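Peer 1: Just data27.cif, nothing more (mmCIF, C-alpha atoms and all ligand atoms):
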```cif
data_structure
#
loop_
_atom_site.label_atom_id
_atom_site.label_comp_id
_atom_site.auth_asym_id
_atom_site.auth_seq_id
_atom_site.Cartn_x
_atom_site.Cartn_y
_atom_site.Cartn_z
CA MET L 837 0.00 0.00 0.00
CA ASN L 838 1.32 3.46 -0.86
CA ALA L 839 0.92 5.92 1.98
CA VAL L 840 -0.51 9.27 0.96
CA SER L 841 2.46 11.55 1.30
CA GLY L 842 2.28 15.22 2.09
CA PRO L 843 1.18 17.17 5.10
CA VAL L 844 -0.87 14.62 7.00
CA THR L 845 -0.87 16.72 10.14
CA LEU L 846 -3.94 16.10 12.17
CA GLY L 847 -5.45 19.22 13.72
CA MET L 848 -7.18 17.61 16.68
CA PRO L 849 -9.21 19.51 19.25
CA GLY L 850 -6.93 20.34 22.20
CA ALA L 851 -8.84 18.36 24.80
CA LEU L 852 -8.56 15.25 22.69
CA SER L 853 -5.07 15.63 21.36
CA GLY L 854 -3.60 13.16 23.85
CA ALA L 855 -5.07 10.33 21.82
CA ALA L 856 -4.48 11.87 18.41
CA PRO L 857 -3.04 9.39 15.91
CA GLU L 858 -0.29 11.70 14.60
CA ASN L 859 0.54 10.88 10.99
CA SER L 860 -1.21 7.54 11.15
CA ALA L 861 -2.38 6.78 7.63
CA ALA L 862 -5.87 5.61 8.56
CA LEU L 863 -9.34 6.95 9.21
CA VAL L 864 -9.41 6.44 12.96
CA ASP L 865 -11.63 8.13 15.51
CA ARG L 866 -11.43 9.09 19.19
CA PHE L 867 -13.05 5.82 20.21
CA GLY L 868 -10.51 3.58 18.52
CA ARG L 869 -12.64 2.67 15.53
CA ARG L 870 -11.04 2.48 12.10
CA ALA L 871 -13.13 3.23 9.02
CA THR L 872 -12.29 0.86 6.19
CA ASP L 873 -15.71 0.83 4.50
CA MET L 874 -16.24 3.90 2.28
CA ARG L 875 -19.81 4.82 1.32
CA LEU L 876 -19.96 7.31 -1.49
CA SER L 877 -23.13 9.01 -2.68
CA LEU L 878 -23.10 9.55 -6.44
CA THR L 879 -26.15 11.80 -6.59
CA ASP L 880 -28.88 13.30 -4.43
CA LYS L 881 -31.46 12.71 -7.18
CA CYS L 882 -33.96 9.87 -7.16
CA ASN L 883 -36.85 8.58 -9.26
CA LEU L 884 -38.81 7.18 -6.30
CA ARG L 885 -40.30 9.05 -3.36
CA CYS L 886 -40.20 6.48 -0.54
CA THR L 887 -42.23 7.87 2.34
CA TYR L 888 -39.51 7.07 4.92
CA CYS L 889 -36.88 8.93 2.92
CA MET L 890 -38.11 11.64 0.50
CA PRO L 891 -40.90 14.19 0.49
CA ALA L 892 -43.68 13.65 -2.05
CA ASP L 893 -42.46 16.56 -4.19
CA GLY L 894 -38.81 15.54 -4.10
CA LEU L 895 -36.07 17.86 -2.93
CA ASP L 896 -34.26 20.77 -4.55
CA TRP L 897 -31.65 18.81 -6.50
CA LEU L 898 -28.07 19.98 -6.40
CA SER L 899 -26.85 21.75 -9.52
CA LYS L 900 -24.35 19.70 -11.54
CA ASP L 901 -21.39 21.90 -10.62
CA LYS L 902 -21.93 21.14 -6.93
CA VAL L 903 -21.73 17.36 -7.40
CA LEU L 904 -18.50 15.34 -7.45
CA THR L 905 -17.35 14.66 -11.02
CA ALA L 906 -16.18 11.23 -12.13
CA ALA L 907 -12.57 12.41 -11.97
CA GLU L 908 -13.05 13.77 -8.45
CA ILE L 909 -14.63 10.48 -7.36
CA LEU L 910 -11.69 8.51 -8.75
CA ARG L 911 -9.23 10.80 -6.98
CA LEU L 912 -11.04 10.54 -3.65
CA VAL L 913 -11.23 6.76 -3.84
CA ARG L 914 -7.54 6.60 -4.73
CA ILE L 915 -6.65 8.73 -1.71
CA GLY L 916 -8.88 6.56 0.49
CA VAL L 917 -7.61 3.22 -0.79
CA ASP L 918 -3.93 3.97 -1.35
CA GLY L 919 -3.48 6.19 1.65
CA LEU L 920 -6.14 5.84 4.30
CA GLY L 921 -6.89 2.15 4.60
CA VAL L 922 -10.21 2.00 2.73
CA ARG L 923 -10.84 -1.68 1.93
CA GLU L 924 -14.32 -1.68 0.36
CA LEU L 925 -16.44 0.81 -1.50
CA ARG L 926 -20.23 1.18 -1.61
CA LEU L 927 -21.79 3.41 -4.27
CA THR L 928 -25.16 4.77 -3.22
CA GLY L 929 -27.33 7.88 -3.35
CA GLY L 930 -30.04 9.17 -3.98
CA GLU L 931 -30.39 6.70 -6.79
CA PRO L 932 -26.97 5.89 -8.26
CA LEU L 933 -28.45 4.46 -11.48
CA VAL L 934 -29.69 7.92 -12.52
CA ARG L 935 -26.10 9.01 -12.97
CA ALA L 936 -25.40 8.82 -16.69
CA ASP L 937 -21.67 8.19 -16.21
CA LEU L 938 -22.11 5.36 -13.66
CA VAL L 939 -20.71 2.60 -15.88
CA GLY L 940 -17.68 4.74 -16.72
CA ILE L 941 -17.10 5.52 -13.03
CA ILE L 942 -17.14 1.82 -12.17
CA ALA L 943 -14.82 0.99 -15.05
CA GLY L 944 -12.43 3.70 -13.86
CA LEU L 945 -12.52 2.42 -10.30
CA ARG L 946 -11.92 -1.16 -11.44
CA SER L 947 -9.00 -0.19 -13.62
CA ALA L 948 -7.37 1.77 -10.77
CA HIS L 949 -8.15 -0.83 -8.07
CA PRO L 950 -8.38 -4.32 -9.59
CA LEU L 951 -9.06 -6.06 -6.25
CA LEU L 952 -11.27 -3.50 -4.47
CA PRO L 953 -14.77 -4.80 -3.65
CA VAL L 954 -17.12 -2.23 -5.24
CA SER L 955 -20.83 -2.66 -4.54
CA LEU L 956 -23.94 -0.68 -5.42
CA THR L 957 -27.13 0.00 -3.45
CA THR L 958 -30.02 0.81 -5.77
CA ASN L 959 -33.78 0.93 -6.01
CA GLY L 960 -33.51 -1.18 -9.17
CA ILE L 961 -35.34 1.22 -11.54
CA GLY L 962 -33.48 0.96 -14.85
CA LEU L 963 -31.33 -1.91 -13.63
CA ALA L 964 -32.79 -4.32 -16.17
CA GLY L 965 -31.07 -2.46 -18.98
CA LYS L 966 -27.82 -1.76 -17.15
CA ALA L 967 -26.98 -4.82 -15.06
CA GLN L 968 -24.77 -6.51 -17.65
CA ALA L 969 -22.88 -3.29 -18.41
CA LEU L 970 -22.30 -2.76 -14.67
CA LYS L 971 -20.96 -6.29 -14.33
CA ASP L 972 -18.75 -5.89 -17.40
CA ALA L 973 -17.40 -2.61 -16.02
CA GLY L 974 -16.29 -4.43 -12.87
CA LEU L 975 -19.04 -4.00 -10.29
CA THR L 976 -18.60 -6.69 -7.64
CA ARG L 977 -22.15 -7.10 -6.30
CA ILE L 978 -25.44 -5.32 -5.78
CA ASN L 979 -28.09 -4.63 -3.10
CA VAL L 980 -31.60 -3.78 -4.29
CA SER L 981 -34.30 -2.15 -2.18
CA LEU L 982 -37.71 -3.79 -2.34
CA ASP L 983 -40.25 -3.25 0.42
CA SER L 984 -43.19 -5.25 -0.92
CA LEU L 985 -44.17 -7.78 -3.58
CA CYS L 986 -47.65 -6.30 -3.75
CA ALA L 987 -47.89 -3.69 -6.51
CA GLU L 988 -50.31 -1.50 -4.55
CA THR L 989 -48.26 -1.56 -1.38
CA PHE L 990 -45.09 -0.90 -3.35
CA ALA L 991 -46.72 2.13 -4.95
CA GLN L 992 -48.02 3.36 -1.61
CA LEU L 993 -44.54 3.20 -0.07
CA THR L 994 -42.54 4.55 -2.99
CA ARG L 995 -45.26 6.81 -4.41
CA ARG L 996 -44.49 5.33 -7.84
CA PRO L 997 -46.05 2.32 -9.68
CA PHE L 998 -42.77 0.65 -10.59
CA LEU L 999 -42.75 -2.77 -8.90
CA ASP L 1000 -42.38 -4.58 -12.24
CA LYS L 1001 -39.31 -2.54 -13.15
CA VAL L 1002 -37.63 -3.42 -9.85
CA LEU L 1003 -38.38 -7.13 -10.21
CA ALA L 1004 -37.03 -7.08 -13.77
CA GLY L 1005 -33.92 -5.28 -12.50
CA ILE L 1006 -33.30 -7.93 -9.85
CA ASP L 1007 -33.69 -10.70 -12.43
CA ALA L 1008 -31.20 -8.97 -14.72
CA ALA L 1009 -28.69 -8.45 -11.91
CA ASP L 1010 -28.94 -12.13 -11.04
CA ALA L 1011 -28.49 -13.17 -14.66
CA ALA L 1012 -25.49 -10.88 -15.02
CA GLY L 1013 -23.77 -12.50 -12.04
CA LEU L 1014 -23.96 -9.52 -9.67
CA GLY L 1015 -24.56 -11.79 -6.69
CA PRO L 1016 -24.70 -12.51 -3.88
CA ILE L 1017 -27.77 -10.29 -4.22
CA LYS L 1018 -29.08 -8.64 -1.08
CA ILE L 1019 -32.57 -7.20 -0.85
CA ASN L 1020 -33.27 -4.31 1.54
CA ALA L 1021 -36.77 -3.83 2.97
CA VAL L 1022 -37.89 -1.18 5.44
CA LEU L 1023 -40.93 -2.41 7.35
CA MET L 1024 -43.67 0.14 8.07
CA ARG L 1025 -46.36 -0.66 10.58
CA GLY L 1026 -49.75 -1.37 9.01
CA ILE L 1027 -48.41 -0.94 5.49
CA ASN L 1028 -46.01 -3.74 4.54
CA ASP L 1029 -45.29 -5.55 7.82
CA ASP L 1030 -47.94 -8.15 7.03
CA GLY L 1031 -45.95 -9.13 3.93
CA ALA L 1032 -42.67 -9.77 5.77
CA ALA L 1033 -42.87 -13.59 5.72
CA ASP L 1034 -43.90 -13.66 2.04
CA LEU L 1035 -40.97 -11.42 1.15
CA LEU L 1036 -38.61 -13.74 3.02
CA ASP L 1037 -40.08 -16.78 1.27
CA TRP L 1038 -39.64 -15.09 -2.11
CA ALA L 1039 -36.00 -14.16 -1.36
CA LEU L 1040 -35.10 -17.63 -0.03
CA THR L 1041 -36.60 -19.30 -3.09
CA ARG L 1042 -34.39 -17.21 -5.34
CA GLY L 1043 -31.24 -17.42 -3.23
CA TYR L 1044 -31.17 -13.75 -2.24
CA GLU L 1045 -30.26 -12.47 1.21
CA LEU L 1046 -33.17 -10.40 2.50
CA ARG L 1047 -32.51 -7.77 5.15
CA PHE L 1048 -35.23 -6.06 7.10
CA ILE L 1049 -34.28 -2.54 8.15
CA GLU L 1050 -35.71 -0.72 11.15
CA GLN L 1051 -36.94 2.66 10.01
CA MET L 1052 -34.60 5.43 11.17
CA PRO L 1053 -35.50 9.07 11.85
CA LEU L 1054 -34.04 10.37 8.58
CA ASP L 1055 -37.28 10.99 6.67
CA ALA L 1056 -38.02 14.32 5.03
CA ASP L 1057 -41.55 14.43 6.41
CA ARG L 1058 -40.24 14.06 9.99
CA GLY L 1059 -43.03 11.63 10.70
CA TRP L 1060 -40.84 9.06 12.50
CA THR L 1061 -41.87 8.04 15.99
CA ARG L 1062 -40.25 5.41 18.11
CA ASP L 1063 -43.67 4.01 19.00
CA ASN L 1064 -44.48 3.37 15.37
CA LEU L 1065 -41.26 1.57 14.64
CA VAL L 1066 -41.39 -2.09 13.61
CA THR L 1067 -38.56 -3.35 15.81
CA ALA L 1068 -36.18 -6.24 15.23
CA GLU L 1069 -37.94 -8.13 18.00
CA GLU L 1070 -41.30 -7.65 16.29
CA ILE L 1071 -39.82 -8.70 12.96
CA ARG L 1072 -38.56 -11.96 14.46
CA GLY L 1073 -42.05 -12.44 15.91
CA LEU L 1074 -43.72 -11.79 12.55
CA LEU L 1075 -41.60 -14.50 10.93
CA ALA L 1076 -41.82 -17.07 13.73
CA PRO L 1077 -45.01 -18.84 12.59
CA ARG L 1078 -43.39 -19.78 9.27
CA PHE L 1079 -39.63 -19.73 9.83
CA GLU L 1080 -37.11 -20.67 12.49
CA LEU L 1081 -34.20 -18.27 12.90
CA SER L 1082 -30.89 -19.11 14.54
CA ALA L 1083 -27.74 -17.00 14.92
CA ASP L 1084 -25.47 -17.13 11.88
CA PRO L 1085 -22.07 -18.33 13.15
CA ARG L 1086 -20.13 -16.12 10.72
CA ASP L 1087 -18.30 -13.10 12.15
CA ARG L 1088 -20.45 -9.97 11.83
CA ASP L 1089 -17.31 -7.88 11.28
CA GLY L 1090 -18.91 -4.51 11.96
CA ALA L 1091 -21.74 -5.00 9.45
CA PRO L 1092 -25.08 -3.28 10.10
CA ALA L 1093 -26.96 -6.54 9.49
CA GLU L 1094 -27.23 -9.17 12.20
CA ARG L 1095 -27.51 -12.40 10.23
CA TYR L 1096 -29.68 -15.42 10.94
CA GLU L 1097 -29.82 -18.85 9.42
CA VAL L 1098 -33.37 -19.63 8.25
CA ARG L 1099 -35.07 -23.02 8.44
CA LEU L 1100 -38.64 -24.26 8.45
CA PRO L 1101 -39.83 -24.96 12.02
CA GLY L 1102 -38.54 -28.34 13.16
CA SER L 1103 -36.41 -28.88 10.03
CA SER L 1104 -32.62 -29.06 9.87
CA ALA L 1105 -32.42 -28.05 6.20
CA LEU L 1106 -30.89 -24.61 5.79
CA LEU L 1107 -33.00 -22.43 3.47
CA GLY L 1108 -30.76 -19.39 3.44
CA THR L 1109 -29.79 -16.30 5.38
CA LEU L 1110 -31.76 -13.34 6.70
CA GLY L 1111 -30.34 -10.05 7.96
CA ILE L 1112 -31.95 -7.60 10.35
CA ILE L 1113 -30.54 -4.08 10.45
CA ALA L 1114 -31.72 -2.81 13.81
CA SER L 1115 -30.06 0.59 14.01
CA VAL L 1116 -32.60 1.82 16.55
CA THR L 1117 -33.21 -1.00 19.02
CA GLU L 1118 -30.03 -3.09 18.64
CA PRO L 1119 -27.41 -0.52 17.55
CA PHE L 1120 -24.02 -1.53 16.22
CA CYS L 1121 -22.14 1.77 16.52
CA ALA L 1122 -19.35 0.40 18.73
CA ASP L 1123 -18.00 -1.58 15.76
CA CYS L 1124 -18.74 1.01 13.05
CA LYS L 1125 -16.29 0.86 10.13
CA ARG L 1126 -17.97 3.42 7.85
CA THR L 1127 -16.89 6.73 6.39
CA ARG L 1128 -19.45 8.55 4.21
CA ILE L 1129 -18.97 11.09 1.47
CA THR L 1130 -22.03 12.94 0.20
CA ALA L 1131 -22.63 13.65 -3.48
CA GLU L 1132 -21.28 17.16 -2.97
CA GLY L 1133 -18.04 15.88 -1.46
CA LYS L 1134 -18.68 16.36 2.25
CA VAL L 1135 -17.47 13.86 4.83
CA MET L 1136 -20.21 12.70 7.16
CA SER L 1137 -18.37 10.67 9.76
CA CYS L 1138 -21.67 9.21 11.00
CA LEU L 1139 -25.03 8.70 9.31
CA PHE L 1140 -26.48 11.03 11.94
CA SER L 1141 -23.68 13.63 11.95
CA ARG L 1142 -24.77 17.22 12.17
CA THR L 1143 -21.26 18.36 11.29
CA GLU L 1144 -19.98 17.99 7.74
CA VAL L 1145 -16.47 18.54 6.44
CA ASP L 1146 -16.06 19.74 2.89
CA LEU L 1147 -13.55 18.02 0.59
CA LEU L 1148 -14.92 19.38 -2.70
CA ALA L 1149 -13.24 22.78 -2.40
CA LEU L 1150 -9.90 21.07 -1.69
CA LEU L 1151 -10.40 18.66 -4.59
CA ARG L 1152 -10.87 21.68 -6.82
CA SER L 1153 -8.04 23.79 -5.40
CA GLU L 1154 -5.32 21.34 -4.42
CA PRO L 1155 -2.98 20.17 -7.20
CA GLN L 1156 -2.89 16.48 -8.08
CA THR L 1157 0.46 16.06 -6.38
CA PRO L 1158 1.41 14.08 -3.28
CA ALA L 1159 1.17 17.29 -1.26
CA GLY L 1160 -2.24 18.16 -2.67
CA ASP L 1161 -3.56 14.67 -2.04
CA GLY L 1162 -2.05 14.78 1.43
CA ALA L 1163 -3.99 17.94 2.27
CA ILE L 1164 -7.23 16.21 1.26
CA ALA L 1165 -6.30 13.09 3.25
CA ALA L 1166 -5.53 15.20 6.32
CA ARG L 1167 -8.91 16.97 6.16
CA TRP L 1168 -10.67 13.62 5.79
CA GLN L 1169 -8.79 12.22 8.79
CA GLU L 1170 -9.73 15.26 10.89
CA ALA L 1171 -13.36 14.75 10.02
CA MET L 1172 -13.26 11.10 11.01
CA TRP L 1173 -11.34 11.78 14.22
CA ALA L 1174 -14.33 13.85 15.37
CA LYS L 1175 -16.82 11.07 14.57
CA PRO L 1176 -19.53 10.88 17.23
CA LYS L 1177 -19.65 7.81 19.43
CA ALA L 1178 -23.08 6.72 18.21
CA HIS L 1179 -26.16 8.04 16.41
CA GLY L 1180 -24.55 11.46 15.98
CA MET L 1181 -24.21 11.84 19.77
CA ASP L 1182 -22.06 10.58 22.62
CA HIS L 1183 -24.45 7.70 23.22
CA THR L 1184 -26.94 5.58 21.33
CA GLY L 1185 -30.55 6.71 21.44
CA LEU L 1186 -32.42 7.45 18.24
CA GLY L 1187 -35.60 9.23 19.26
CA ASP L 1188 -34.34 10.04 22.78
CA ALA L 1189 -35.13 13.51 24.13
CA ASP L 1190 -31.64 14.78 23.25
CA TYR L 1191 -31.58 13.25 19.74
CA VAL L 1192 -31.59 15.91 17.04
CA GLN L 1193 -32.46 14.78 13.52
CA PRO L 1194 -29.83 15.92 10.98
CA GLU L 1195 -31.00 18.47 8.44
CA ARG L 1196 -30.14 16.13 5.61
CA THR L 1197 -32.54 13.30 4.95
CA MET L 1198 -31.47 9.78 3.99
CA SER L 1199 -31.34 10.32 0.24
CA ALA L 1200 -29.22 13.45 0.62
CA ILE L 1201 -26.76 11.73 2.96
CA GLY L 1202 -26.24 8.56 0.99
CA GLY L 1203 -27.88 5.74 2.91
N1 LIG K 1301 -27.21 3.19 11.48
C1 LIG K 1301 -26.59 2.85 10.37
N2 LIG K 1301 -27.25 2.20 9.40
C2 LIG K 1301 -26.56 1.89 8.31
C3 LIG K 1301 -25.21 2.20 8.13
N3 LIG K 1301 -24.82 1.75 6.94
C4 LIG K 1301 -25.89 1.17 6.40
N4 LIG K 1301 -26.93 1.24 7.24
C5 LIG K 1301 -28.29 0.75 7.02
O1 LIG K 1301 -28.18 -0.45 6.33
C6 LIG K 1301 -28.96 -0.37 5.17
C7 LIG K 1301 -28.41 -1.27 4.10
O2 LIG K 1301 -27.24 -0.76 3.62
P1 LIG K 1301 -26.61 -1.26 2.28
O3 LIG K 1301 -26.24 -0.08 1.48
O4 LIG K 1301 -27.48 -2.25 1.64
O5 LIG K 1301 -25.28 -1.95 2.71
P2 LIG K 1301 -24.74 -2.79 3.94
O6 LIG K 1301 -25.80 -3.56 4.57
O7 LIG K 1301 -23.99 -1.84 4.81
O8 LIG K 1301 -23.66 -3.69 3.23
P3 LIG K 1301 -23.47 -5.20 2.79
O9 LIG K 1301 -24.14 -6.11 3.78
O10 LIG K 1301 -21.99 -5.35 2.80
O11 LIG K 1301 -24.01 -5.36 1.43
C8 LIG K 1301 -28.94 1.11 4.84
O12 LIG K 1301 -30.04 1.46 4.12
C9 LIG K 1301 -29.06 1.71 6.18
O13 LIG K 1301 -30.41 1.70 6.54
C10 LIG K 1301 -24.57 2.90 9.15
O14 LIG K 1301 -23.41 3.23 9.08
N5 LIG K 1301 -25.31 3.20 10.24
C1 LIG K 1302 -31.09 6.00 0.78
S1 LIG K 1302 -31.24 4.59 -0.23
C2 LIG K 1302 -30.09 4.96 -1.52
C3 LIG K 1302 -29.93 3.90 -2.57
C4 LIG K 1302 -31.17 3.58 -3.39
N1 LIG K 1302 -31.91 4.71 -3.77
C5 LIG K 1302 -32.04 2.57 -2.67
O1 LIG K 1302 -33.15 2.90 -2.30
O2 LIG K 1302 -31.54 1.46 -2.47
C6 LIG K 1302 -30.38 3.28 0.61
C7 LIG K 1302 -31.17 2.49 1.59
O3 LIG K 1302 -31.62 3.35 2.62
C8 LIG K 1302 -32.83 2.84 3.09
N2 LIG K 1302 -33.53 3.91 3.81
C9 LIG K 1302 -33.96 5.08 3.32
N3 LIG K 1302 -34.55 5.81 4.28
C10 LIG K 1302 -34.48 5.08 5.42
C11 LIG K 1302 -34.91 5.28 6.75
N4 LIG K 1302 -35.54 6.39 7.12
N5 LIG K 1302 -34.67 4.31 7.65
C12 LIG K 1302 -34.04 3.17 7.28
N6 LIG K 1302 -33.58 2.93 6.04
C13 LIG K 1302 -33.82 3.86 5.12
C14 LIG K 1302 -33.54 2.38 1.84
O4 LIG K 1302 -34.51 1.43 2.12
C15 LIG K 1302 -32.40 1.82 1.03
O5 LIG K 1302 -32.30 0.41 1.25
S1 LIG K 1303 -34.86 5.05 -0.30
FE1 LIG K 1303 -33.67 5.15 -2.19
S2 LIG K 1303 -35.26 4.88 -3.74
FE2 LIG K 1303 -36.36 5.45 -1.94
S3 LIG K 1303 -36.54 7.69 -2.08
FE3 LIG K 1303 -34.73 7.22 -0.84
S4 LIG K 1303 -33.07 7.32 -2.28
FE4 LIG K 1303 -34.96 7.07 -3.46
S1 LIG K 1304 -25.18 5.52 13.47
FE1 LIG K 1304 -23.17 6.42 13.07
S2 LIG K 1304 -21.76 5.41 14.46
FE2 LIG K 1304 -23.65 4.21 14.44
S3 LIG K 1304 -23.23 2.62 12.90
FE3 LIG K 1304 -24.27 4.30 11.84
S4 LIG K 1304 -22.64 5.61 11.05
FE4 LIG K 1304 -21.74 4.23 12.55
#
```
Would you mind giving the structure from this file in structure tokens?
Ligand SMILES: Nc1nc2c(ncn2[C@@H]2O[C@H](COP(=O)(O)OP(=O)(O)OP(=O)(O)O)[C@@H](O)[C@H]2O)c(=O)[nH]1
Ligand SMILES: C[S@@+](CC[C@H](N)C(=O)[O-])C[C@H]1O[C@@H](n2cnc3c(N)ncnc32)[C@H](O)[C@@H]1O
Ligand code: SF4
Ligand code: SF4
Peer 2:
Amino acid sequence: MNAVSGPVTLGMPGALSGAAPENSAALVDRFGRRATDMRLSLTDKCNLRCTYCMPADGLDWLSKDKVLTAAEILRLVRIGVDGLGVRELRLTGGEPLVRADLVGIIAGLRSAHPLLPVSLTTNGIGLAGKAQALKDAGLTRINVSLDSLCAETFAQLTRRPFLDKVLAGIDAADAAGLGPIKINAVLMRGINDDGAADLLDWALTRGYELRFIEQMPLDADRGWTRDNLVTAEEIRGLLAPRFELSADPRDRDGAPAERYEVRLPGSSALLGTLGIIASVTEPFCADCKRTRITAEGKVMSCLFSRTEVDLLALLRSEPQTPAGDGAIAARWQEAMWAKPKAHGMDHTGLGDADYVQPERTMSAIGG
């Protein structure tokens, strides 16, 4: 690994400087966590309006000049991978498939980093026509969001009638070899929670890993309440009549999803794996490995950060020299050093009295 050379001097807050990792070429924080998983938002735009994420009328999209260009993305990833210990890359958004240069970005990433795992999280709209090109460009694997197999429920949740497009996209991704395919579903009380077991059955039959996600307070409508949340415990209860879950023995390794082996009640035959991402009731912040960059080039050290650190201006002002790259790396390290302990605070507690929802909503952060 080439270290990023240049002025990697970490300007840590005085009170914390005793633990500052001077010149350490990694994205470490005050709590000893090391971010090796880079999540990069390619765009704030989206063609769905999921109720738990976007307002019905969409948001004011960023103008093109405010969004990271393909060249800036490649430079940032190079700095992260070659200099700061990034070991895997997730492309997300907004909806990453709406970016016209997506295939070119992936090809550029693959050419620069032949062994880097590069995955994509998408709503699947338009995937049917792009899956093979994404695979050919070097995409490693894909996660597709799908909250319901019922067309009406899908349309109610996403405010768009596009279930068929998503299903066709998943089929195409499977055929193109973009597996193991993971399916993300947010459960909403009284809307799609009654379809949880059917969704699991569908995913198991096709060999996909379904993950149920607890809804987080990152919606534009600010309608989230802790009381209305479908919790991990409830999800396990919803599945119990039809499926038996047991702990997956594989190391979780800081992943948001707690994995379970799935069997029919009383049977020893393994049907597949289920994940539950319980950010609210069973948080996993102590092992967090993530560093996030928004589509406009800001570091969000935590999904719930209310402080953002801009890298775009540096990308546009610093020369592409070891010193210039080093200045960008140093700013990124500073941002990560200040990462909150959990949920954007010094303790876990989404929905607690002292929890303040970030101004950005999920799609604008890069979920
Ligand atoms: N609280 C919290 N939730 C996260 C974080 N990263 C991902 N999630 C949640 O996990 C969901 C699924 O994320 P994906 O983009 O599919 O990726 P992943 O589960 O991290 O990754 P893989 O299992 O490696 O495919 C996101 O929509 C979020 O709801 C995180 O850092 N903090
Ligand atoms: C923000 S989206 C971006 C990528 C793509 N548009 C998609 O939907 O997969 C990434 C993931 O965040 C999830 N998500 C969005 N808002 C959420 C919320 N308030 N709570 C939990 N997960 C959320 C979505 O279900 C999706 O799986
Ligand atoms: S969850 Fe994804 S698909 Fe749904 S509105 Fe948000 S960004 Fe768009
Ligand atoms: S809430 Fe913040 S600290 Fe916790 S897992 Fe997510 S990004 Fe990491």
Peer 1: Taking all atoms listed in the file into account, which residues have an atom no farther than 6 Å from ligand LIG 1302 (chain K)? I'd like them as a short mmCIF file (atom, residue, chain, number, x, y, z; two decimals) with C-alpha atoms, in the coordinates of the input.
Peer 2:
```cif
data_model
loop_
_atom_site.label_atom_id
_atom_site.label_comp_id
_atom_site.auth_asym_id
_atom_site.auth_seq_id
_atom_site.Cartn_x
_atom_site.Cartn_y
_atom_site.Cartn_z
CA TYR L 888 -39.51 7.07 4.92
CA CYS L 889 -36.88 8.93 2.92
CA THR L 928 -25.16 4.77 -3.22
CA GLY L 929 -27.33 7.88 -3.35
CA GLY L 930 -30.04 9.17 -3.98
CA GLU L 931 -30.39 6.70 -6.79
CA THR L 957 -27.13 0.00 -3.45
CA THR L 958 -30.02 0.81 -5.77
CA ASN L 959 -33.78 0.93 -6.01
CA VAL L 980 -31.60 -3.78 -4.29
CA SER L 981 -34.30 -2.15 -2.18
CA ASN L 1020 -33.27 -4.31 1.54
CA ALA L 1021 -36.77 -3.83 2.97
CA VAL L 1022 -37.89 -1.18 5.44
CA ILE L 1049 -34.28 -2.54 8.15
CA GLU L 1050 -35.71 -0.72 11.15
CA GLN L 1051 -36.94 2.66 10.01
CA MET L 1052 -34.60 5.43 11.17
CA PRO L 1053 -35.50 9.07 11.85
CA LEU L 1054 -34.04 10.37 8.58
CA ASP L 1055 -37.28 10.99 6.67
CA MET L 1198 -31.47 9.78 3.99
CA SER L 1199 -31.34 10.32 0.24
CA GLY L 1202 -26.24 8.56 0.99
CA GLY L 1203 -27.88 5.74 2.91
#
```
Peer 1: Between CA of Leu951 (chain L) and atom O2 of ligand LIG 1301 (chain K), what is the distance, to one decimal in Å?
Peer 2: 21.4 Å
Peer 1: Distance CA of Arg996 (chain L)-CA of Gly960 (chain L), one decimal place?
Peer 2: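 Separating CA of Arg996 (chain L) from CA of Gly960 (chain L) is a distance of 12.8 Å.
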Peer 1: Neighbouring residues of ligand LIG 1304 (chain K) are defined here as those with any atom at most 10 Å from a ligand atom, counting all atoms listed in the file; list them as a JSON list (two decimals) with C-alpha atoms, in the frame of the given file.
Peer 2:
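part-v1.json, written as the output of this step:
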```json
[["chain", "number", "residue", "atom", "x", "y", "z"],
["L", 869, "ARG", "CA", -12.64, 2.67, 15.53],
["L", 871, "ALA", "CA", -13.13, 3.23, 9.02],
["L", 1052, "MET", "CA", -34.60, 5.43, 11.17],
["L", 1090, "GLY", "CA", -18.91, -4.51, 11.96],
["L", 1091, "ALA", "CA", -21.74, -5.00, 9.45],
["L", 1092, "PRO", "CA", -25.08, -3.28, 10.10],
["L", 1115, "SER", "CA", -30.06, 0.59, 14.01],
["L", 1116, "VAL", "CA", -32.60, 1.82, 16.55],
["L", 1119, "PRO", "CA", -27.41, -0.52, 17.55],
["L", 1120, "PHE", "CA", -24.02, -1.53, 16.22],
["L", 1121, "CYS", "CA", -22.14, 1.77, 16.52],
["L", 1122, "ALA", "CA", -19.35, 0.40, 18.73],
["L", 1123, "ASP", "CA", -18.00, -1.58, 15.76],
["L", 1124, "CYS", "CA", -18.74, 1.01, 13.05],
["L", 1125, "LYS", "CA", -16.29, 0.86, 10.13],
["L", 1126, "ARG", "CA", -17.97, 3.42, 7.85],
["L", 1127, "THR", "CA", -16.89, 6.73, 6.39],
["L", 1128, "ARG", "CA", -19.45, 8.55, 4.21],
["L", 1136, "MET", "CA", -20.21, 12.70, 7.16],
["L", 1137, "SER", "CA", -18.37, 10.67, 9.76],
["L", 1138, "CYS", "CA", -21.67, 9.21, 11.00],
["L", 1139, "LEU", "CA", -25.03, 8.70, 9.31],
["L", 1140, "PHE", "CA", -26.48, 11.03, 11.94],
["L", 1141, "SER", "CA", -23.68, 13.63, 11.95],
["L", 1175, "LYS", "CA", -16.82, 11.07, 14.57],
["L", 1176, "PRO", "CA", -19.53, 10.88, 17.23],
["L", 1177, "LYS", "CA", -19.65, 7.81, 19.43],
["L", 1178, "ALA", "CA", -23.08, 6.72, 18.21],
["L", 1179, "HIS", "CA", -26.16, 8.04, 16.41],
["L", 1180, "GLY", "CA", -24.55, 11.46, 15.98],
["L", 1181, "MET", "CA", -24.21, 11.84, 19.77],
["L", 1182, "ASP", "CA", -22.06, 10.58, 22.62],
["L", 1183, "HIS", "CA", -24.45, 7.70, 23.22],
["L", 1184, "THR", "CA", -26.94, 5.58, 21.33],
["L", 1185, "GLY", "CA", -30.55, 6.71, 21.44],
["L", 1186, "LEU", "CA", -32.42, 7.45, 18.24],
["L", 1203, "GLY", "CA", -27.88, 5.74, 2.91]]
```
